[in-house]
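Trainee: The following block contains the structure, expressed as structure tokens.
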Amino acid sequence: MILPYDWRKSSYSGEGDGNECVEIATSPTHTAVRDSKAPARATLTFPAPAFSTFLDALKRQAR
């Protein structure tokens with residue numbers, strides 16, 4: 001497994017409660033997700049194509 005290191009917080013994060021969000025990091029083959037409130041805890045790692053499919057499904061639900 002490749003451990004990503006360039007963590008990014010959601011663009012929806014802001015002041016107050018918005019600071020408690022998920023962060024993602026990507027590599028060419030994987031996407032990792034972690035809780036921004038507890039970054040030292042467990043990280044979920046997905047193959048990049050599976051994560052893209054997941055995001056596409058979320059976008060369809062939001063319409």
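Note on naming: chains are A, B, ... as they come in the structure tokens, residues start from 1 per chain, ligands start from 1 in the order shown.
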Near A:Thr26, counting only C-alpha atoms, which residues have an atom at most 10 Å away, once you skip same-chain residues fewer than 2 positions from it, shown as JSON, numbers by chain?
Mentor: {"A": [2, 3, 4, 5, 6, 7, 8, 24, 28, 29, 30, 31, 32, 33, 45, 46, 47, 48]}
Trainee: Figure out the distance between atom CA of A:Lys59 and atom CA of A:Ala42, please, to one decimal in Å.
Mentor: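 Straight-line distance from atom CA of A:Ala42 to atom CA of A:Lys59 works out to 25.7 Å.
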Trainee: As an exercise, work out the distance from atom CA of A:Glu23 to atom CA of A:Lys37 in Å and give it to one decimal place.
Mentor: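 Taking atom CA of A:Glu23 as the start and atom CA of A:Lys37 as the end point, the length is 9.6 Å.
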